[in-house]
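Trainee: I'd like to ask some things about the structure below.
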Amino acid sequence: MSFAKSMWGASATAENNWAYDYLPKLDVTYDVLRAFDLMAQGKMTGYFCQGFNPLMTFPDRGKLTKGLSNLKFLVTMDPLETETSRFWENHGEYNDVKSADIKTEVFQLPTSCFAEDEGSLVNSGRWLQWHYPGQEPIYESKHDTWIMAQIHLRLKKLYEAEGGAFPDPITKLNWPYADPGEPSPMELAKEMNGSALGDVFDPKDATKVIVAKGKQLDGFAQLRDDGSTTSFCWIYAGCWTESGNNMARRDNTDPEDAGLAPKWAWAWPANRRILYNRASADPAGKPWDDTRKLVYWTGEKWGGIDVPDYGAAFKPEQNVGPFIMNPEGVARFFSRKMMRDGPFPAHYEPFESPVANAVAPKIRGNPAARIFKADFAALGSSDKYPYVATSYRLTEHFHQWTKHNRVNAALQPEFFVEISEELAKEKGITKGGWVRVWSNRGSIKAKAVVTKRIKPMMVDGKPTHIVGIPQHWGFMGAAKKGHNPNSLTPFVGDANIETPEYKAFLVNIEAVASGPIA
């Protein structure tokens with residue numbers, strides 16, 4: 001949730017890579033990069049940050065600190081002390097800010113951890129698996145649902161007392177929970193599935209009720225566009241029906257050893273384990289492989305061990321394509337919509353690169369990428385920053401979470417950067433010695449790990465050295481304080497989904513006598 005005074009849009013062009021247009025309506029992507037750009041301009045004055053640590057996670061930490069410092073208020077919801085919550089504290093070189101000059105009011109709301117929550121997890125296989133809490137939240141921490149419900153009820157009370165330009169979305173929001181102050185996971189999951197607000201009739205027989213008013217829907221096919229049904233999202237319809245919580249099913253029976261386990265948890269949509277599974281059968285409806293009969297035509301309908309991703313009564317001779325979500329009914333090797341640089345994306349070097357684009361040497365970065373005017377001006381050049389840096393994770397750590405755990409902190413106790421033996425020799429850097437790495441946006445100090453793992457690459461006939469920077473340290477937690485690659489990374493959004501350009505940027509490096517002063 002965020003509050004903005006006004007909205008700005010930025011788009012990249014091949015000619016100058018940036019352009020501003022005033023957009024007085026919600027027709028642009030409000031991702032984190034845009035949110036922090038608005039903060040930095042003083043056009044966003046409040047920010048709710050739930051289960052997230054943007055100061056350590058998103059690029060150009062200096063810009064993020066400026067943005068947070070411009071806020072009137074910041075609300076963080078997290079089970080751990082995060083650097084974002086404590087951005088205003090001075091920690092020497094690790095967070096060198098003037099605390100007295102920062103007027104942002106910060107509210108830290110301690111939440112439960114995932115192991116203390118009840119609800120569903122969705123994996124990349126689309127399985128919704130219900131899990132139960134390992135223990136109750138400790139100390140004063142509360143479930144996220146409790147916190148958000150309390151905020152909503154207080155806002156509702158204020159709107160009811162004071163009014164507003166259009167208070168209806170708050171004052172008239174349906175809130176049908178047994179305890180209005182804390183909706184239960186069961187209530188929320190049943191809402192997510194969807195129910196009948198009125199009797200739902202069979203489209204083939206207007207006198208036949210297939211779902212009675214107030215009952216849970218069995219699947220998305222029962223959703224109607226006449227206001228008689230409701231659901232959080234159609235793909236989840238079927239996860240909690242009148243028969244109970246399908247996400248909590250734990251029958252691992254696997255017909256024909258196909259690896260489907262259709263009665264284990266529930267997969268969206270419709271408990272379908274393989275999308276477009278009609279393609280597993282030939283045009284006549286016979287499985288291509290008799291040893292793996294996924295779905296097939298029985299002579300009357302489509303059957304098999306999976307839920308057919310197909311019209312049950314579509315006869316093979318109707319020649320309806322198996323990819324029914326595509327108008328042409330066949331698979332696509334690329335998407336013709338929703339891609340700014342499609343349908344066939346061309347390769348472009350990152351905005352900061354030691355070499356020119358091979359196919360378009362006069363263009364810097366992807367012309368369709370999103371970069372704001374000030375951030376374009378903050379890009380560095382290879383004459384000052386001749387080395388390519390990349391950020392990555394380590395086996396022993398998970399984001400910035402595990403630096404709060406003493407075991408993980410002991411396994412990887414100190415921030416470091418990795419460089420090749422060749423670069424170390426060229427720059428006079430010793431194993432375990434201190435180095436300074438800097439970009440056009442910031443500077444960090446770290447111990448040097450000189451390794452054979454990283455080798456210089458030959459690019460355009462010239463050796464290109466790489467500096468590897470792990471991303472797990474900060475100034476909070478059980479581990480030693482450390483810097484983070486996002487003090488150096490550029491504020492650039494991917495052309496299609498606004499993912500920041502973390503993985504390639506320009507830096508310089510030198511040996512220094514000592515480490516940071518805390």
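Chain labels run A, B, ... following the order of the structure tokens; each chain numbers its residues from 1, and ligands are numbered from 1 in the order shown.
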Among stretch 5-167 of chain A, which ones does DSSP place in strand (DSSP E or B), written as a PyMOL selection string?
Mentor: chain A and resi 8-11+19-22+44-50+73-78+105-111+119-122+127-131+142
Trainee: Please produce an output containing C-alpha atoms for each residue in the selection, written as a PDB file, in the first residue's frame.
Mentor:
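Wrote it out as part-v2.pdb, contents follow:
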ATOM      1  CA  TRP A   8       4.893  10.276 -13.249  1.00  0.00           C
ATOM      2  CA  GLY A   9       5.616   7.938 -16.105  1.00  0.00           C
ATOM      3  CA  ALA A  10       8.962   7.252 -17.700  1.00  0.00           C
ATOM      4  CA  SER A  11       9.665   5.443 -20.927  1.00  0.00           C
ATOM      5  CA  ALA A  19      11.405  10.649 -21.484  1.00  0.00           C
ATOM      6  CA  TYR A  20       8.997  11.977 -18.873  1.00  0.00           C
ATOM      7  CA  ASP A  21       5.281  12.405 -19.327  1.00  0.00           C
ATOM      8  CA  TYR A  22       2.838  13.534 -16.687  1.00  0.00           C
ATOM      9  CA  MET A  44       5.075   9.770  -2.104  1.00  0.00           C
ATOM     10  CA  THR A  45       4.715  10.549   1.583  1.00  0.00           C
ATOM     11  CA  GLY A  46       3.726   7.238   3.209  1.00  0.00           C
ATOM     12  CA  TYR A  47       4.762   3.638   2.662  1.00  0.00           C
ATOM     13  CA  PHE A  48       3.588   0.282   4.035  1.00  0.00           C
ATOM     14  CA  CYS A  49       6.297  -2.388   3.777  1.00  0.00           C
ATOM     15  CA  GLN A  50       5.094  -5.919   4.554  1.00  0.00           C
ATOM     16  CA  PHE A  73       5.740   7.853   7.763  1.00  0.00           C
ATOM     17  CA  LEU A  74       6.996   4.330   7.146  1.00  0.00           C
ATOM     18  CA  VAL A  75       5.216   1.219   8.422  1.00  0.00           C
ATOM     19  CA  THR A  76       7.130  -2.069   8.404  1.00  0.00           C
ATOM     20  CA  MET A  77       5.606  -5.477   9.116  1.00  0.00           C
ATOM     21  CA  ASP A  78       8.264  -8.134   9.700  1.00  0.00           C
ATOM     22  CA  GLU A 105       8.192   8.524  11.546  1.00  0.00           C
ATOM     23  CA  VAL A 106       8.754   4.762  11.536  1.00  0.00           C
ATOM     24  CA  PHE A 107       6.260   2.258  12.919  1.00  0.00           C
ATOM     25  CA  GLN A 108       7.638  -1.259  13.379  1.00  0.00           C
ATOM     26  CA  LEU A 109       4.892  -3.879  13.625  1.00  0.00           C
ATOM     27  CA  PRO A 110       6.333  -7.282  14.653  1.00  0.00           C
ATOM     28  CA  THR A 111       4.664 -10.109  12.755  1.00  0.00           C
ATOM     29  CA  GLY A 119      -2.548 -21.264   5.478  1.00  0.00           C
ATOM     30  CA  SER A 120      -1.551 -22.443   2.023  1.00  0.00           C
ATOM     31  CA  LEU A 121       1.710 -22.318   0.129  1.00  0.00           C
ATOM     32  CA  VAL A 122       1.750 -22.413  -3.666  1.00  0.00           C
ATOM     33  CA  TRP A 127       0.058 -26.986  -5.914  1.00  0.00           C
ATOM     34  CA  LEU A 128      -1.733 -25.290  -3.028  1.00  0.00           C
ATOM     35  CA  GLN A 129      -0.592 -27.174   0.080  1.00  0.00           C
ATOM     36  CA  TRP A 130      -2.112 -26.350   3.439  1.00  0.00           C
ATOM     37  CA  HIS A 131       0.245 -26.073   6.383  1.00  0.00           C
ATOM     38  CA  LYS A 142       0.883 -10.734  15.635  1.00  0.00           C
TER      39      LYS A 142
END
Trainee: When you look at stretch 473-486 of chain A with a cut-off of 6 Å (counting only C-alpha atoms), what residues show up, excluding the ones that are within fewer than 5 positions of it in the same chain? I need them as a PyMOL selection string.
Mentor: chain A and resi 59-61+403-404+406+409+413-415
Trainee: Just C-alpha atoms for this one: save the residues we selected as a PDB file, in the first residue's frame.
Mentor:
ATOM      1  CA  PRO A  59      19.219  -1.164  -6.482  1.00  0.00           C
ATOM      2  CA  ASP A  60      21.009   2.107  -5.750  1.00  0.00           C
ATOM      3  CA  ARG A  61      20.834   2.134  -1.989  1.00  0.00           C
ATOM      4  CA  LYS A 403      22.168 -13.474   8.868  1.00  0.00           C
ATOM      5  CA  HIS A 404      19.927 -13.309  11.944  1.00  0.00           C
ATOM      6  CA  ARG A 406      23.969 -17.687  14.507  1.00  0.00           C
ATOM      7  CA  ALA A 409      26.312 -16.423  10.455  1.00  0.00           C
ATOM      8  CA  PRO A 413      30.497 -14.793   8.929  1.00  0.00           C
ATOM      9  CA  GLU A 414      31.855 -11.921   6.870  1.00  0.00           C
ATOM     10  CA  PHE A 415      31.094  -9.966   3.718  1.00  0.00           C
TER      11      PHE A 415
END
Trainee: Select, from A:Asn193, A:Thr207, A:Ser353, A:Thr82, the residue with the minimum atom-to-atom distance to A:Gly219, counting only C-alpha atoms.
Mentor: A:Asn193
Trainee: As an exercise, work out the distance from atom CA of A:Met247 to atom CA of A:Thr145 in Å and give it to one decimal place.
Mentor: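 A separation of 19.7 Å between them.
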Trainee: Can you tell me, as JSON, numbers by chain, what residues are no more than 12 Å from A:Gly329 when counting only C-alpha atoms, ignoring any on the same chain fewer than 2 positions away?
Mentor: {"A": [276, 278, 279, 310, 319, 320, 321, 322, 323, 324, 325, 326, 327, 331, 332]}
Trainee: Only C-alpha atoms, please: the residues just picked out, written as a PDB file, in the first residue's frame.
Mentor:
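Once written, out30.pdb looks like this:
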ATOM      1  CA  TYR A 276      -2.664 -28.384 -21.959  1.00  0.00           C
ATOM      2  CA  ARG A 278      -4.850 -32.691 -24.474  1.00  0.00           C
ATOM      3  CA  ALA A 279      -1.532 -32.479 -26.338  1.00  0.00           C
ATOM      4  CA  TYR A 310     -10.066 -29.393 -22.654  1.00  0.00           C
ATOM      5  CA  ASN A 319     -10.304 -30.332 -34.584  1.00  0.00           C
ATOM      6  CA  VAL A 320     -10.239 -28.015 -31.582  1.00  0.00           C
ATOM      7  CA  GLY A 321      -6.591 -27.296 -30.784  1.00  0.00           C
ATOM      8  CA  PRO A 322      -5.150 -28.566 -27.490  1.00  0.00           C
ATOM      9  CA  PHE A 323      -3.951 -25.107 -26.389  1.00  0.00           C
ATOM     10  CA  ILE A 324      -7.398 -23.778 -25.680  1.00  0.00           C
ATOM     11  CA  MET A 325      -6.201 -20.592 -23.956  1.00  0.00           C
ATOM     12  CA  ASN A 326      -4.633 -19.457 -27.243  1.00  0.00           C
ATOM     13  CA  PRO A 327      -7.037 -18.338 -29.995  1.00  0.00           C
ATOM     14  CA  ALA A 331       1.535 -23.751 -28.773  1.00  0.00           C
ATOM     15  CA  ARG A 332       3.593 -20.600 -29.102  1.00  0.00           C
TER      16      ARG A 332
END
Trainee: What does the structure give for the distance between atom CA of A:Ile371 and atom CA of A:Phe36, in Å to one decimal?
Mentor: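 Atom CA of A:Phe36 lies at a distance of 12.6 Å from atom CA of A:Ile371.
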Trainee: Give me, as a PyMOL selection string, the residues of stretch 310-470 of chain A that a backbone DSSP run labels alpha helix (DSSP H).
Mentor: chain A and resi 373-377+406-411+421-427
Trainee: Restrict the selected residues to N, CA and C atoms and save them as a tab-separated table (two decimals), in the first residue's frame.
Mentor:
chain	number	residue	atom	x	y	z
A	373	LYS	N	15.10	9.64	-15.60
A	373	LYS	CA	16.06	10.63	-16.09
A	373	LYS	C	17.29	10.74	-15.20
A	374	ALA	N	17.09	10.91	-13.91
A	374	ALA	CA	18.22	11.08	-13.00
A	374	ALA	C	19.08	9.82	-12.93
A	375	ASP	N	18.45	8.66	-13.06
A	375	ASP	CA	19.21	7.40	-13.00
A	375	ASP	C	20.01	7.18	-14.27
A	376	PHE	N	19.50	7.67	-15.38
A	376	PHE	CA	20.28	7.59	-16.62
A	376	PHE	C	21.54	8.44	-16.49
A	377	ALA	N	21.39	9.60	-15.86
A	377	ALA	CA	22.54	10.49	-15.67
A	377	ALA	C	23.55	9.90	-14.70
A	406	ARG	N	22.55	-17.56	14.14
A	406	ARG	CA	23.97	-17.69	14.51
A	406	ARG	C	24.68	-18.81	13.75
A	407	VAL	N	23.94	-19.88	13.44
A	407	VAL	CA	24.57	-20.99	12.72
A	407	VAL	C	24.98	-20.55	11.31
A	408	ASN	N	24.05	-19.93	10.60
A	408	ASN	CA	24.37	-19.44	9.24
A	408	ASN	C	25.43	-18.35	9.29
A	409	ALA	N	25.33	-17.50	10.31
A	409	ALA	CA	26.31	-16.42	10.46
A	409	ALA	C	27.70	-16.98	10.71
A	410	ALA	N	27.79	-18.12	11.39
A	410	ALA	CA	29.08	-18.75	11.63
A	410	ALA	C	29.62	-19.42	10.36
A	411	LEU	N	28.71	-19.97	9.55
A	411	LEU	CA	29.13	-20.64	8.32
A	411	LEU	C	29.70	-19.65	7.30
A	421	GLU	N	42.48	-14.64	-9.92
A	421	GLU	CA	43.90	-14.51	-9.60
A	421	GLU	C	44.56	-13.47	-10.50
A	422	GLU	N	44.10	-13.40	-11.74
A	422	GLU	CA	44.67	-12.44	-12.68
A	422	GLU	C	44.37	-11.00	-12.27
A	423	LEU	N	43.13	-10.73	-11.86
A	423	LEU	CA	42.78	-9.38	-11.44
A	423	LEU	C	43.50	-9.01	-10.15
A	424	ALA	N	43.61	-9.97	-9.24
A	424	ALA	CA	44.32	-9.72	-7.98
A	424	ALA	C	45.77	-9.33	-8.24
A	425	LYS	N	46.40	-10.04	-9.16
A	425	LYS	CA	47.80	-9.73	-9.50
A	425	LYS	C	47.91	-8.36	-10.15
A	426	GLU	N	46.98	-8.06	-11.05
A	426	GLU	CA	47.00	-6.78	-11.76
A	426	GLU	C	46.82	-5.60	-10.82
A	427	LYS	N	45.99	-5.77	-9.77
A	427	LYS	CA	45.66	-4.67	-8.86
A	427	LYS	C	46.44	-4.73	-7.54
